[in-house]
$ cat model-v8.cif   # mmCIF, C-alpha atoms
data_coords
#
loop_
_atom_site.label_atom_id
_atom_site.label_comp_id
_atom_site.auth_asym_id
_atom_site.auth_seq_id
_atom_site.Cartn_x
_atom_site.Cartn_y
_atom_site.Cartn_z
CA MET A 67 -91.71 -279.59 17.28
CA SER A 68 -91.81 -281.07 20.86
CA VAL A 69 -91.60 -284.25 22.98
CA SER A 70 -94.94 -284.51 24.69
CA ASP A 71 -97.00 -282.83 21.97
CA LEU A 72 -94.90 -282.81 18.87
CA ILE A 73 -92.35 -282.72 21.59
CA GLY A 74 -94.20 -281.26 24.57
CA ALA A 75 -93.97 -277.67 25.78
CA LEU A 76 -90.76 -277.49 27.75
CA ASP A 77 -91.15 -274.75 30.35
CA ALA A 78 -93.76 -272.94 28.24
CA ILE A 79 -96.88 -272.08 30.23
CA PRO A 80 -99.25 -270.34 27.79
CA LYS A 81 -101.35 -267.39 28.90
CA LEU A 82 -104.64 -266.27 27.40
CA SER A 83 -104.21 -262.76 26.05
CA ALA A 84 -106.99 -260.20 26.25
CA ALA A 85 -107.44 -260.21 22.48
CA ALA A 86 -107.48 -263.98 22.36
CA ALA A 87 -109.92 -264.11 25.26
CA SER A 88 -112.23 -261.84 23.33
CA ALA A 89 -111.99 -264.06 20.25
CA ALA A 90 -112.57 -267.18 22.33
CA SER A 91 -115.64 -265.69 23.97
CA ASN A 92 -117.27 -265.26 20.55
CA SER A 93 -116.80 -268.88 19.45
CA ASN A 94 -115.71 -272.34 20.51
CA SER A 95 -112.12 -271.44 19.67
CA VAL A 96 -109.21 -271.05 22.08
CA PHE A 97 -106.08 -269.02 21.27
CA MET A 98 -103.11 -269.50 23.63
CA ASP A 99 -100.15 -267.18 22.94
CA ALA A 100 -101.00 -267.05 19.23
CA PRO A 101 -99.58 -264.43 16.83
CA ASP A 102 -102.11 -261.61 16.41
CA TRP A 103 -102.72 -262.37 12.72
CA LEU A 104 -103.41 -266.08 13.34
CA THR A 105 -107.20 -265.87 13.49
CA GLU A 106 -110.12 -268.08 12.56
CA THR A 107 -110.46 -266.13 9.32
CA TYR A 108 -106.80 -266.70 8.41
CA MET A 109 -106.98 -270.44 9.02
CA GLN A 110 -110.36 -270.73 7.30
CA ASP A 111 -109.01 -269.04 4.17
CA ALA A 112 -105.95 -271.33 4.23
CA LEU A 113 -108.15 -274.43 4.52
CA ARG A 114 -110.44 -273.25 1.72
CA ASP A 115 -107.46 -272.72 -0.60
CA PHE A 116 -105.85 -276.05 0.27
CA TYR A 117 -108.97 -278.15 -0.15
CA GLY A 118 -110.43 -276.08 -3.00
CA ASP A 119 -113.67 -275.68 -1.05
CA GLN A 120 -114.84 -272.12 -0.48
CA ARG A 121 -117.68 -273.30 1.76
CA ILE A 122 -115.42 -274.64 4.49
CA LYS A 123 -116.38 -273.16 7.84
CA ILE A 124 -114.35 -273.57 11.04
CA THR A 125 -116.49 -274.56 14.01
CA CYS A 126 -113.70 -274.91 16.58
CA LEU A 127 -110.06 -273.82 16.58
CA GLN A 128 -107.45 -274.61 19.22
CA VAL A 129 -104.17 -272.71 18.97
CA HIS A 130 -101.17 -272.95 21.29
CA PRO A 131 -97.34 -272.87 21.17
CA ALA A 132 -95.69 -275.98 19.78
CA LEU A 133 -92.34 -275.57 21.53
CA GLY A 134 -90.74 -274.43 24.75
CA LYS A 135 -87.62 -272.38 25.29
CA GLY A 136 -84.39 -273.90 24.07
CA GLU A 137 -86.12 -276.17 21.57
CA ASN A 138 -86.04 -273.96 18.47
CA TYR A 139 -84.06 -270.82 17.60
CA GLY A 140 -85.22 -270.29 14.01
CA GLY A 141 -88.81 -269.06 14.22
CA VAL A 142 -92.17 -269.32 15.97
CA LEU A 143 -94.00 -272.67 15.84
CA THR A 144 -97.69 -272.82 16.69
CA ARG A 145 -99.86 -275.92 16.88
CA VAL A 146 -103.40 -275.67 15.47
CA LYS A 147 -106.29 -278.11 15.71
CA ALA A 148 -109.19 -277.13 13.45
CA GLN A 149 -112.65 -278.64 13.32
CA PHE A 150 -114.54 -277.58 10.21
CA THR A 151 -117.46 -278.43 7.98
CA ARG A 152 -117.18 -279.08 4.23
CA ARG A 153 -119.37 -278.20 1.27
CA ASP A 154 -121.11 -281.58 1.50
CA GLY A 155 -121.95 -281.07 5.18
CA THR A 156 -119.34 -283.48 6.53
CA CYS A 157 -117.28 -282.53 9.58
CA GLN A 158 -113.50 -282.87 9.54
CA VAL A 159 -110.68 -282.36 12.05
CA GLY A 160 -107.24 -281.25 10.91
CA HIS A 161 -103.96 -280.91 12.82
CA TYR A 162 -101.42 -278.34 11.61
CA ILE A 163 -98.16 -276.63 12.50
CA VAL A 164 -97.90 -272.94 11.64
CA LYS A 165 -94.33 -271.67 11.27
CA SER A 166 -93.74 -267.92 11.27
CA THR A 167 -91.00 -265.35 11.79
CA PHE A 168 -89.88 -263.58 14.94
CA GLU A 169 -92.15 -260.75 13.89
CA SER A 170 -92.12 -258.91 17.24
CA ASP A 171 -88.35 -259.18 17.85
CA GLU A 172 -86.48 -256.54 15.84
CA PHE A 173 -83.04 -257.82 16.85
CA ALA A 174 -83.80 -261.39 15.72
CA ARG A 175 -85.34 -260.15 12.47
CA ASN A 176 -82.32 -257.99 11.66
CA ALA A 177 -79.83 -260.73 12.51
CA MET A 178 -81.58 -263.27 10.29
CA GLU A 179 -82.40 -260.94 7.41
CA PRO A 180 -79.17 -261.44 5.39
CA TYR A 181 -79.66 -265.21 5.52
CA ASP A 182 -83.12 -264.87 3.97
CA ILE A 183 -84.13 -268.02 5.81
CA PHE A 184 -87.90 -267.63 5.61
CA ASN A 185 -88.16 -266.91 1.88
CA ARG A 186 -85.67 -269.69 1.20
CA GLU A 187 -87.56 -272.25 3.23
CA MET A 188 -90.89 -271.30 1.66
CA ASN A 189 -89.40 -271.63 -1.81
CA ILE A 190 -87.86 -274.98 -1.01
CA TYR A 191 -91.13 -276.39 0.34
CA GLU A 192 -93.13 -275.00 -2.57
CA GLU A 193 -90.75 -275.54 -5.49
CA VAL A 194 -87.91 -277.92 -4.65
CA LEU A 195 -89.15 -280.69 -2.37
CA PRO A 196 -92.06 -281.69 -4.65
CA LYS A 197 -89.53 -282.15 -7.48
CA LEU A 198 -87.28 -284.29 -5.31
CA LYS A 199 -90.27 -286.44 -4.43
CA ALA A 200 -91.15 -286.75 -8.13
CA LEU A 201 -87.62 -287.91 -8.93
CA LEU A 202 -87.90 -290.71 -6.40
CA HIS A 203 -91.20 -291.72 -7.99
CA GLU A 204 -89.33 -292.04 -11.30
CA ILE A 205 -87.45 -294.97 -9.82
CA GLU A 206 -90.56 -296.30 -8.06
CA ASP A 207 -89.34 -295.19 -4.65
CA GLY A 208 -92.34 -293.93 -2.68
CA GLU A 209 -90.51 -293.31 0.59
CA GLU A 210 -91.85 -290.28 2.47
CA ILE A 211 -89.03 -287.90 3.39
CA PHE A 212 -90.71 -284.52 3.96
CA ALA A 213 -93.87 -283.18 5.62
CA GLU A 214 -96.80 -282.15 3.42
CA THR A 215 -97.16 -278.39 3.03
CA MET A 216 -100.64 -276.90 3.22
CA THR A 217 -99.92 -273.17 2.83
CA VAL A 218 -96.99 -271.04 1.70
CA ASP A 219 -97.69 -267.39 2.56
CA TYR A 220 -94.93 -265.11 1.29
CA ASP A 221 -96.67 -261.94 2.51
CA ARG A 222 -96.46 -263.00 6.14
CA SER A 223 -93.51 -265.39 5.82
CA VAL A 224 -95.68 -268.26 7.03
CA LEU A 225 -95.71 -271.98 6.32
CA ILE A 226 -98.51 -274.31 7.38
CA PHE A 227 -97.77 -278.04 7.52
CA GLU A 228 -99.54 -281.20 8.42
CA ASP A 229 -98.97 -281.74 12.17
CA LEU A 230 -97.31 -285.12 12.14
CA SER A 231 -98.00 -285.64 15.83
CA ALA A 232 -101.53 -286.62 14.75
CA ARG A 233 -99.87 -289.58 12.97
CA GLU A 234 -97.88 -290.38 16.10
CA PHE A 235 -94.62 -288.81 14.96
CA VAL A 236 -92.66 -287.22 17.80
CA MET A 237 -89.32 -285.54 18.19
CA PRO A 238 -86.60 -287.78 19.65
CA ASP A 239 -84.87 -286.87 22.89
CA ARG A 240 -82.26 -284.25 22.02
CA LEU A 241 -80.48 -284.81 25.37
CA THR A 242 -79.87 -288.51 24.74
CA GLY A 243 -79.14 -288.59 21.02
CA LEU A 244 -80.07 -291.13 18.38
CA ASP A 245 -79.28 -294.84 18.49
CA LEU A 246 -77.77 -296.71 15.55
CA LYS A 247 -81.05 -297.79 13.95
CA LEU A 248 -82.53 -294.30 14.10
CA ALA A 249 -79.33 -292.68 12.83
CA ARG A 250 -79.40 -295.01 9.83
CA LEU A 251 -83.04 -294.15 9.13
CA VAL A 252 -82.18 -290.45 9.04
CA LEU A 253 -79.11 -291.02 6.86
CA ARG A 254 -81.09 -293.17 4.42
CA LYS A 255 -83.56 -290.34 3.86
CA LEU A 256 -80.77 -287.77 3.74
CA ALA A 257 -78.90 -289.80 1.12
CA LYS A 258 -81.98 -289.88 -1.11
CA MET A 259 -82.61 -286.17 -0.61
CA HIS A 260 -78.99 -285.38 -1.52
CA ALA A 261 -78.98 -287.66 -4.56
CA THR A 262 -82.24 -286.31 -5.99
CA SER A 263 -81.04 -282.74 -5.45
CA ALA A 264 -77.85 -283.43 -7.41
CA VAL A 265 -79.91 -284.88 -10.26
CA LEU A 266 -82.41 -282.01 -10.16
CA ASN A 267 -79.62 -279.44 -10.31
CA GLU A 268 -78.11 -281.27 -13.29
CA ARG A 269 -81.40 -281.53 -15.15
CA GLU A 270 -82.51 -277.94 -14.46
CA ASP A 271 -79.35 -276.10 -15.46
CA ARG A 272 -77.82 -275.56 -11.99
CA ALA A 273 -81.09 -274.28 -10.53
CA LEU A 274 -80.16 -275.06 -6.93
CA GLU A 275 -76.80 -273.30 -6.88
CA SER A 276 -78.37 -269.98 -5.90
CA TYR A 277 -78.96 -271.40 -2.40
CA ASP A 278 -75.70 -270.00 -1.05
CA ARG A 279 -76.55 -268.63 2.39
CA GLY A 280 -75.84 -271.41 4.84
CA MET A 281 -74.79 -271.05 8.47
CA PHE A 282 -71.46 -269.75 7.18
CA ASN A 283 -71.46 -267.89 3.85
CA ARG A 284 -69.72 -265.18 1.85
CA HIS A 285 -72.58 -262.67 2.19
CA THR A 286 -72.79 -261.99 5.93
CA ASP A 287 -71.10 -262.54 9.28
CA ASN A 288 -74.22 -261.82 11.31
CA TYR A 289 -73.97 -265.11 13.18
CA ALA A 290 -70.36 -264.50 14.22
CA PRO A 291 -71.36 -263.39 17.75
CA CYS A 292 -72.88 -266.82 18.28
CA PHE A 293 -70.05 -268.91 16.85
CA LEU A 294 -67.21 -266.82 18.29
CA GLY A 295 -69.00 -266.37 21.60
CA MET A 296 -69.43 -270.13 21.93
CA LEU A 297 -65.76 -270.69 21.02
CA GLN A 298 -64.69 -268.26 23.73
CA ALA A 299 -66.98 -269.90 26.27
CA ALA A 300 -65.52 -273.29 25.32
CA SER A 301 -62.00 -271.97 25.81
CA ARG A 302 -62.91 -270.57 29.24
CA ARG A 303 -64.39 -273.90 30.32
CA VAL A 304 -61.55 -276.04 28.94
CA ALA A 305 -58.97 -273.81 30.67
CA GLN A 306 -60.44 -274.97 33.99
CA TRP A 307 -59.63 -278.65 33.31
CA PRO A 308 -56.21 -279.77 34.55
CA GLY A 309 -54.10 -280.92 31.63
CA TYR A 310 -56.30 -279.22 29.02
CA GLU A 311 -54.87 -275.70 29.25
CA TRP A 312 -53.05 -276.27 25.94
CA TYR A 313 -56.34 -276.95 24.15
CA ALA A 314 -57.91 -273.82 25.65
CA GLY A 315 -55.11 -271.75 24.13
CA LYS A 316 -55.56 -273.43 20.74
CA LEU A 317 -59.30 -272.65 20.77
CA GLU A 318 -58.61 -269.02 21.66
CA ALA A 319 -56.08 -268.75 18.83
CA LEU A 320 -58.75 -269.84 16.32
CA LEU A 321 -60.87 -266.73 16.96
CA PRO A 322 -59.36 -264.47 14.24
CA VAL A 323 -59.74 -267.13 11.50
CA TYR A 324 -62.78 -269.05 12.72
CA MET A 325 -65.37 -267.46 10.43
CA GLU A 326 -63.13 -267.89 7.39
CA LEU A 327 -62.60 -271.58 8.19
CA GLY A 328 -66.36 -272.01 8.43
CA LYS A 329 -66.90 -270.27 5.11
CA ARG A 330 -64.46 -272.63 3.41
CA VAL A 331 -66.67 -275.54 4.46
CA PHE A 332 -69.57 -273.95 2.56
CA ASP A 333 -67.49 -272.91 -0.46
CA VAL A 334 -68.44 -275.09 -3.43
CA CYS A 335 -65.53 -277.19 -4.71
CA PRO A 336 -65.64 -277.57 -8.53
CA GLY A 337 -65.17 -281.10 -9.76
CA GLN A 338 -66.55 -282.63 -6.56
CA ILE A 339 -70.01 -284.00 -5.87
CA ASN A 340 -72.32 -281.29 -4.54
CA VAL A 341 -75.89 -281.42 -3.26
CA LEU A 342 -78.59 -279.32 -1.66
CA ALA A 343 -77.59 -279.70 1.98
CA HIS A 344 -80.29 -279.41 4.62
CA GLY A 345 -77.95 -277.15 6.58
CA ASP A 346 -79.35 -277.74 10.08
CA LEU A 347 -79.88 -281.49 10.33
CA TRP A 348 -79.99 -282.44 14.00
CA THR A 349 -82.25 -284.23 16.47
CA ASN A 350 -84.92 -281.52 16.66
CA ASN A 351 -85.26 -281.35 12.88
CA VAL A 352 -86.36 -284.94 12.46
CA LEU A 353 -89.68 -286.42 13.55
CA VAL A 354 -89.84 -290.10 14.42
CA LYS A 355 -92.59 -292.70 14.52
CA TYR A 356 -91.85 -295.48 16.99
CA ASP A 357 -93.24 -299.00 16.98
CA LYS A 358 -95.74 -299.20 19.84
CA GLU A 359 -94.70 -302.71 20.84
CA THR A 360 -90.92 -302.64 20.46
CA GLY A 361 -90.30 -298.94 21.00
CA GLU A 362 -87.94 -298.94 18.04
CA ALA A 363 -87.97 -296.25 15.36
CA GLU A 364 -89.81 -297.31 12.22
CA ASN A 365 -90.01 -294.06 10.21
CA VAL A 366 -88.59 -290.54 10.18
CA ILE A 367 -89.50 -287.26 8.48
CA ILE A 368 -86.96 -284.48 7.89
CA ILE A 369 -88.23 -280.95 8.65
CA ASP A 370 -87.02 -277.34 8.72
CA PHE A 371 -85.12 -276.18 5.61
CA GLN A 372 -84.24 -272.62 6.63
CA TYR A 373 -80.50 -273.09 6.18
CA ALA A 374 -80.49 -275.25 3.06
CA ALA A 375 -77.41 -274.56 0.95
CA TRP A 376 -75.79 -275.92 -2.18
CA GLY A 377 -72.49 -277.52 -1.30
CA SER A 378 -70.71 -280.61 -0.06
CA PRO A 379 -72.63 -283.51 1.53
CA ALA A 380 -70.08 -283.06 4.32
CA ILE A 381 -72.11 -280.08 5.59
CA ASP A 382 -74.96 -282.35 6.68
CA LEU A 383 -72.88 -285.40 7.50
CA PHE A 384 -70.48 -283.69 9.90
CA TYR A 385 -73.23 -281.57 11.47
CA PHE A 386 -75.60 -284.49 12.05
CA LEU A 387 -72.97 -286.99 13.18
CA ASN A 388 -71.42 -284.53 15.65
CA SER A 389 -74.65 -283.16 17.10
CA SER A 390 -77.26 -285.87 17.23
CA LEU A 391 -75.87 -289.28 18.18
CA GLU A 392 -75.61 -291.21 21.39
CA PHE A 393 -72.23 -290.77 23.08
CA ASP A 394 -70.62 -294.04 21.92
CA LEU A 395 -71.82 -293.59 18.34
CA HIS A 396 -70.48 -290.03 18.29
CA LEU A 397 -67.07 -291.35 19.28
CA ASN A 398 -66.85 -294.65 17.44
CA ASN A 399 -69.33 -295.08 14.59
CA GLN A 400 -69.07 -292.05 12.32
CA GLU A 401 -67.08 -293.80 9.58
CA GLU A 402 -69.51 -296.73 9.58
CA LEU A 403 -72.48 -294.36 9.24
CA ILE A 404 -70.83 -292.37 6.44
CA HIS A 405 -70.27 -295.64 4.55
CA TYR A 406 -73.93 -296.58 5.07
CA TYR A 407 -75.03 -293.17 3.75
CA PHE A 408 -72.70 -293.35 0.75
CA ASN A 409 -73.99 -296.70 -0.46
CA ILE A 410 -77.58 -295.36 -0.62
CA PHE A 411 -76.47 -292.01 -2.03
CA SER A 412 -74.44 -293.51 -4.88
CA ASP A 413 -77.06 -296.17 -5.60
CA THR A 414 -79.80 -293.53 -5.93
CA LEU A 415 -77.61 -291.44 -8.25
CA ARG A 416 -77.06 -294.46 -10.48
CA LYS A 417 -80.75 -295.35 -10.59
CA LEU A 418 -81.57 -291.77 -11.63
CA ARG A 419 -78.86 -291.88 -14.32
CA PHE A 420 -76.82 -289.02 -12.91
CA ARG A 421 -74.59 -287.94 -15.79
CA ALA A 422 -71.62 -286.50 -13.90
CA ALA A 423 -68.99 -288.70 -12.31
CA ILE A 424 -70.08 -290.51 -9.17
CA PRO A 425 -67.12 -290.68 -6.77
CA SER A 426 -65.88 -293.95 -5.35
CA MET A 427 -66.11 -294.41 -1.61
CA HIS A 428 -62.41 -293.55 -1.32
CA GLN A 429 -62.83 -290.40 -3.44
CA PHE A 430 -65.92 -289.39 -1.47
CA HIS A 431 -64.06 -289.79 1.80
CA GLN A 432 -61.21 -287.63 0.51
CA GLN A 433 -63.67 -284.93 -0.58
CA ILE A 434 -65.56 -284.69 2.68
CA GLN A 435 -62.38 -284.75 4.77
CA GLN A 436 -61.52 -281.38 3.23
CA LYS A 437 -64.48 -280.08 5.22
CA ALA A 438 -63.60 -281.84 8.51
CA PHE A 439 -63.40 -278.48 10.32
CA TYR A 440 -67.18 -278.60 10.40
CA GLY A 441 -67.20 -281.71 12.56
CA MET A 442 -64.94 -279.99 15.08
CA HIS A 443 -67.04 -276.83 14.94
CA THR A 444 -70.24 -278.77 15.53
CA THR A 445 -68.83 -280.69 18.50
CA ILE A 446 -67.27 -277.64 20.15
CA ALA A 447 -69.70 -274.81 19.34
CA ILE A 448 -73.06 -276.40 18.42
CA PHE A 449 -73.43 -279.61 20.44
CA PRO A 450 -73.35 -277.68 23.77
CA ILE A 451 -76.27 -275.49 22.61
CA GLN A 452 -78.31 -278.44 21.44
CA ARG A 453 -77.72 -280.45 24.63
CA ASN A 454 -78.22 -277.43 26.89
CA VAL A 455 -80.60 -277.96 29.83
CA GLU A 456 -80.53 -274.40 31.20
CA THR A 457 -83.55 -273.05 29.33
CA ALA A 458 -84.30 -269.85 31.29
CA ASP A 459 -82.24 -267.71 28.90
CA ALA A 460 -82.37 -270.09 25.92
CA ASP A 461 -83.47 -267.87 23.06
CA PHE A 462 -82.14 -266.44 19.81
CA ASN A 463 -80.94 -263.22 21.43
CA ALA A 464 -78.85 -265.10 23.98
CA LEU A 465 -77.15 -266.89 21.10
CA MET A 466 -76.48 -263.83 18.98
CA GLN A 467 -75.73 -261.06 21.45
CA SER A 468 -72.57 -260.38 23.44
CA ASN A 469 -74.04 -258.82 26.60
CA GLN A 470 -73.72 -260.36 30.06
CA ARG A 471 -76.95 -262.33 29.74
CA ALA A 472 -75.67 -263.85 26.49
CA ILE A 473 -72.27 -264.63 28.01
CA ASN A 474 -73.96 -266.31 30.98
CA PHE A 475 -76.07 -268.44 28.66
CA LYS A 476 -73.07 -269.54 26.60
CA ASN A 477 -71.08 -270.35 29.74
CA ALA A 478 -74.02 -272.42 31.01
CA CYS A 479 -74.00 -274.51 27.84
CA TYR A 480 -70.56 -275.79 28.81
CA GLY A 481 -71.66 -276.66 32.33
CA ASN A 482 -73.55 -279.60 30.91
CA PRO A 483 -71.74 -282.91 31.73
CA ALA A 484 -72.65 -284.30 28.28
CA SER A 485 -70.82 -281.44 26.54
CA GLN A 486 -67.82 -281.70 28.81
CA ARG A 487 -67.60 -285.46 28.32
CA ILE A 488 -67.57 -285.34 24.54
CA MET A 489 -65.11 -282.43 24.44
CA ARG A 490 -62.68 -284.16 26.81
CA GLN A 491 -62.70 -287.16 24.49
CA LEU A 492 -62.46 -285.40 21.15
CA LEU A 493 -60.21 -282.39 21.74
CA PRO A 494 -57.06 -284.58 21.60
CA LYS A 495 -58.34 -286.18 18.37
CA PHE A 496 -59.06 -282.78 16.80
CA GLU A 497 -55.57 -281.63 17.79
CA GLN A 498 -53.97 -284.70 16.19
CA GLU A 499 -55.91 -284.04 12.98
CA GLY A 500 -54.78 -280.41 12.87
CA LEU A 501 -58.33 -279.10 13.26
CA LEU A 502 -57.34 -276.81 16.16
CA ASP A 503 -54.60 -275.12 14.13
CA ALA A 504 -55.17 -271.54 13.03
CA ASP A 505 -53.20 -272.18 9.82
CA GLN A 506 -55.11 -275.28 8.70
#
$ encode --input "model-v8.cif" --output "C-alpha cells"
Amino acid sequence: MSVSDLIGALDAIPKLSAAAASAASNSNSVFMDAPDWLTETYMQDALRDFYGDQRIKITCLQVHPALGKGENYGGVLTRVKAQFTRRDGTCQVGHYIVKSTFESDEFARNAMEPYDIFNREMNIYEEVLPKLKALLHEIEDGEEIFAETMTVDYDRSVLIFEDLSAREFVMPDRLTGLDLKLARLVLRKLAKMHATSAVLNEREDRALESYDRGMFNRHTDNYAPCFLGMLQAASRRVAQWPGYEWYAGKLEALLPVYMELGKRVFDVCPGQINVLAHGDLWTNNVLVKYDKETGEAENVIIIDFQYAAWGSPAIDLFYFLNSSLEFDLHLNNQEELIHYYFNIFSDTLRKLRFRAAIPSMHQFHQQIQQKAFYGMHTTIAIFPIQRNVETADADFNALMQSNQRAINFKNACYGNPASQRIMRQLLPKFEQEGLLDADQ
C-alpha cells in the first residue's frame, strides 16, 4: 500500500473509464481505474456476507488505485471507501483494500502461475493466520500481527482487507529504509509469527510443509529471467568501477549455478528449526503507525503472504535485513538484530511448549549461516529493485522479460546511488565469505 494514502499514488494519475463513468452517473459512486468486476453489487455482497446482514445497501462507493508504479509487483491493489446503511437504519463507513490478480496481463499470469501465489495467499489468510493468532492468545499475547480479512474469493482470486490507513497506518519510506526501533518492531512480530507457525506445524501433523513454492523452489524456474537478468546488470555496472573488475567477473561466473544456489536456501534441512517464512518481508510489506508527537514507530502490521514458504527462518531474516534497513544498520547491525529476533522467537516457542529441540543461539547462528547466499542475493539482485527511483518502466514485465525495455529497466536499477553505495561496501565482504564463488 502507499505513502500518501496507504502510501500515496506514486506517478499514478487515475482516469475515469467510460464504463466507470456510466456507473458513476447512476449513483453517488466513483470508480477510478477499477477492475471491471469490482462493482457496487460485488462490494455490497461482500459486506453483507462479512457482517451477516443481507439488508446492507451501499449509498456511496469510492474506488481508486492504491499504488503507483514500482511500488508492488505481485498483484493489483485497489482502495475502496464504502458508505452503507445497515438493517437497523444506521449509516456506516468502511475502508478496504481489494487485492486481485493481473487478470488482463497474460504474460504476468503465466509467469506467476507455477508459484500459485494467489491461492496460497488466500489460504494463508483464511486458514493459517487465524490459527497463529489463536496460539498467541493461548499464552495471553494479544499483539496484532496481521490485517483483518473481510473476504476471500477463490473464484476471482480476490482478497479484501481492512484498509489500515483509516487507522493511520502507512507504509514506511522504501528509499530510506527502517531505523533500529522500527526494525526491532518488525522482527518482534516476525519472531512470534515464526514461532507460532512451528508450533502449529507440530500440532497439526506437518500441515504447513506443503507451502513449498517460495521465490526459489524445485517446481519452477519462471523467475530466473528476473534474478539472472539482475545479476547480469549488476556485473555490467560493477565492471565500470575501477578496482572492482574482479567482482564483476565473479558475479558473471555465478550465472550457471545461481538458480541452484537459491533453491538450496529454500530446501528444508531436516533436524533444523523450520518455520512458515513470509517469503517477501521488506519495507513495502509492513504498515507502520507512528506516534503523532514523537514521529517514532509505535506499531507495525505485516502484510502480503504470496510467497510464504516452509523453511529456514534465514529466508526472512536475510531478505529483510538486506533489503529494508537504513544504510548503517544494513552494514553494521545485522548480528545484533538477529540476536534480538532469536530471543523472542525462542521465548515464544518455550511458552507454547514446542516439543522439538529449540536451538541455542550458537546453533541457530550456525543453521542460518548455511543459507547466507540469500543475504548476498538480496543485496545484489533485490535491493536495487526495491530502492529503484526510475518508475517509468517499473512493472512485472520489466522484471521478468529479457527484451531491451527489460534490460534498460534492470540497468537503471543499478544507477541508483543507494544501490551502488551498499554494493561497493559489501562485495568485498561477500567475496571474503565465499558467497561469490560458483562452487560454494
$ resolve_selection --input "model-v8.cif" --expression "the PyMOL selection byres ((chain A and resi 292) around 9)" --output "PDB file with C-alpha atoms, in the coordinates of the input"
ATOM      1  CA  ASN A 288     -74.220-261.820  11.310  1.00  0.00           C
ATOM      2  CA  TYR A 289     -73.970-265.110  13.180  1.00  0.00           C
ATOM      3  CA  ALA A 290     -70.360-264.500  14.220  1.00  0.00           C
ATOM      4  CA  PRO A 291     -71.360-263.390  17.750  1.00  0.00           C
ATOM      5  CA  PHE A 293     -70.050-268.910  16.850  1.00  0.00           C
ATOM      6  CA  LEU A 294     -67.210-266.820  18.290  1.00  0.00           C
ATOM      7  CA  GLY A 295     -69.000-266.370  21.600  1.00  0.00           C
ATOM      8  CA  MET A 296     -69.430-270.130  21.930  1.00  0.00           C
ATOM      9  CA  LEU A 297     -65.760-270.690  21.020  1.00  0.00           C
ATOM     10  CA  ALA A 447     -69.700-274.810  19.340  1.00  0.00           C
ATOM     11  CA  ALA A 464     -78.850-265.100  23.980  1.00  0.00           C
ATOM     12  CA  LEU A 465     -77.150-266.890  21.100  1.00  0.00           C
ATOM     13  CA  MET A 466     -76.480-263.830  18.980  1.00  0.00           C
ATOM     14  CA  GLN A 467     -75.730-261.060  21.450  1.00  0.00           C
ATOM     15  CA  SER A 468     -72.570-260.380  23.440  1.00  0.00           C
ATOM     16  CA  LYS A 476     -73.070-269.540  26.600  1.00  0.00           C
TER      17      LYS A 476
END
$ atom_distance --input "model-v8.cif" --atom1 "atom CA of His130 of chain A" --atom2 "atom CA of Asp229 of chain A"
12.9 Å
$ atom_distance --input "model-v8.cif" --atom1 "atom CA of Ala249 of chain A" --atom2 "atom CA of Phe386 of chain A"
9.0 Å
$ resolve_selection --input "model-v8.cif" --expression "the PyMOL selection byres ((chain A and resi 200) around 12)" --output "number ranges by chain"
A: 193-199, 201-211, 258-259, 262-263, 265-266, 418
$ atom_distance --input "model-v8.cif" --atom1 "atom CA of Arg222 of chain A" --atom2 "atom CA of Arg121 of chain A"
24.0 Å
$ closest_residue --input "model-v8.cif" --among "A:Leu391, A:Cys126, A:Ala460, A:Val146" --to "Pro238 of chain A" --atoms "all atoms listed in the file"
A:Leu391
$ resolve_selection --input "model-v8.cif" --expression "the PyMOL selection byres ((chain A and resi 353-355) around 8)" --output "NGL selection string"
:A and (230 or 234-238 or 350-352 or 356-357 or 363-369)
$ residues_around --input "model-v8.cif" --residues "Ala504 of chain A" --least-positions-apart "4" --cutoff "10 Å" --atoms "all atoms listed in the file" --output "list in words"
Lys316, Leu317, Glu318, Ala319, Leu320, Leu321, Pro322, Val323, Tyr324, Leu327 and Gly500 of chain A
$ closest_residue --input "model-v8.cif" --among "A:Tyr277, A:Phe173, A:Phe371, A:Phe475" --to "Glu192 of chain A" --atoms "only C-alpha atoms"
A:Phe371
$ closest_residue --input "model-v8.cif" --among "A:Asn185, A:Gln306, A:Gln491, A:Gln506" --to "Ala374 of chain A" --atoms "all atoms listed in the file"
A:Asn185
$ closest_residue --input "model-v8.cif" --among "A:Lys495, A:Arg175, A:Leu274, A:Ser223" --to "Leu397 of chain A" --atoms "only C-alpha atoms"
A:Lys495
$ decode --input "model-v8.cif" --residues "segment 311-317 of chain A" --atoms "N, CA, C and O atoms" --output "tab-separated table (two decimals), in the first residue's frame"
chain	number	residue	atom	x	y	z
A	311	GLU	N	36.69	-4.73	-11.09
A	311	GLU	CA	36.53	-5.62	-12.24
A	311	GLU	C	36.52	-7.09	-11.82
A	311	GLU	O	35.80	-7.91	-12.41
A	312	TRP	N	37.32	-7.42	-10.82
A	312	TRP	CA	37.37	-8.80	-10.31
A	312	TRP	C	36.00	-9.26	-9.84
A	312	TRP	O	35.56	-10.38	-10.13
A	313	TYR	N	35.30	-8.40	-9.10
A	313	TYR	CA	33.98	-8.76	-8.58
A	313	TYR	C	32.97	-8.93	-9.72
A	313	TYR	O	32.09	-9.79	-9.65
A	314	ALA	N	33.10	-8.10	-10.75
A	314	ALA	CA	32.20	-8.23	-11.90
A	314	ALA	C	32.34	-9.61	-12.53
A	314	ALA	O	31.35	-10.27	-12.91
A	315	GLY	N	33.58	-10.08	-12.65
A	315	GLY	CA	33.81	-11.41	-13.21
A	315	GLY	C	33.25	-12.50	-12.32
A	315	GLY	O	32.71	-13.50	-12.82
A	316	LYS	N	33.37	-12.34	-11.01
A	316	LYS	CA	32.82	-13.33	-10.08
A	316	LYS	C	31.30	-13.40	-10.20
A	316	LYS	O	30.71	-14.50	-10.17
A	317	LEU	N	30.65	-12.25	-10.30
A	317	LEU	CA	29.19	-12.23	-10.46
A	317	LEU	C	28.78	-12.92	-11.75
A	317	LEU	O	27.82	-13.71	-11.77
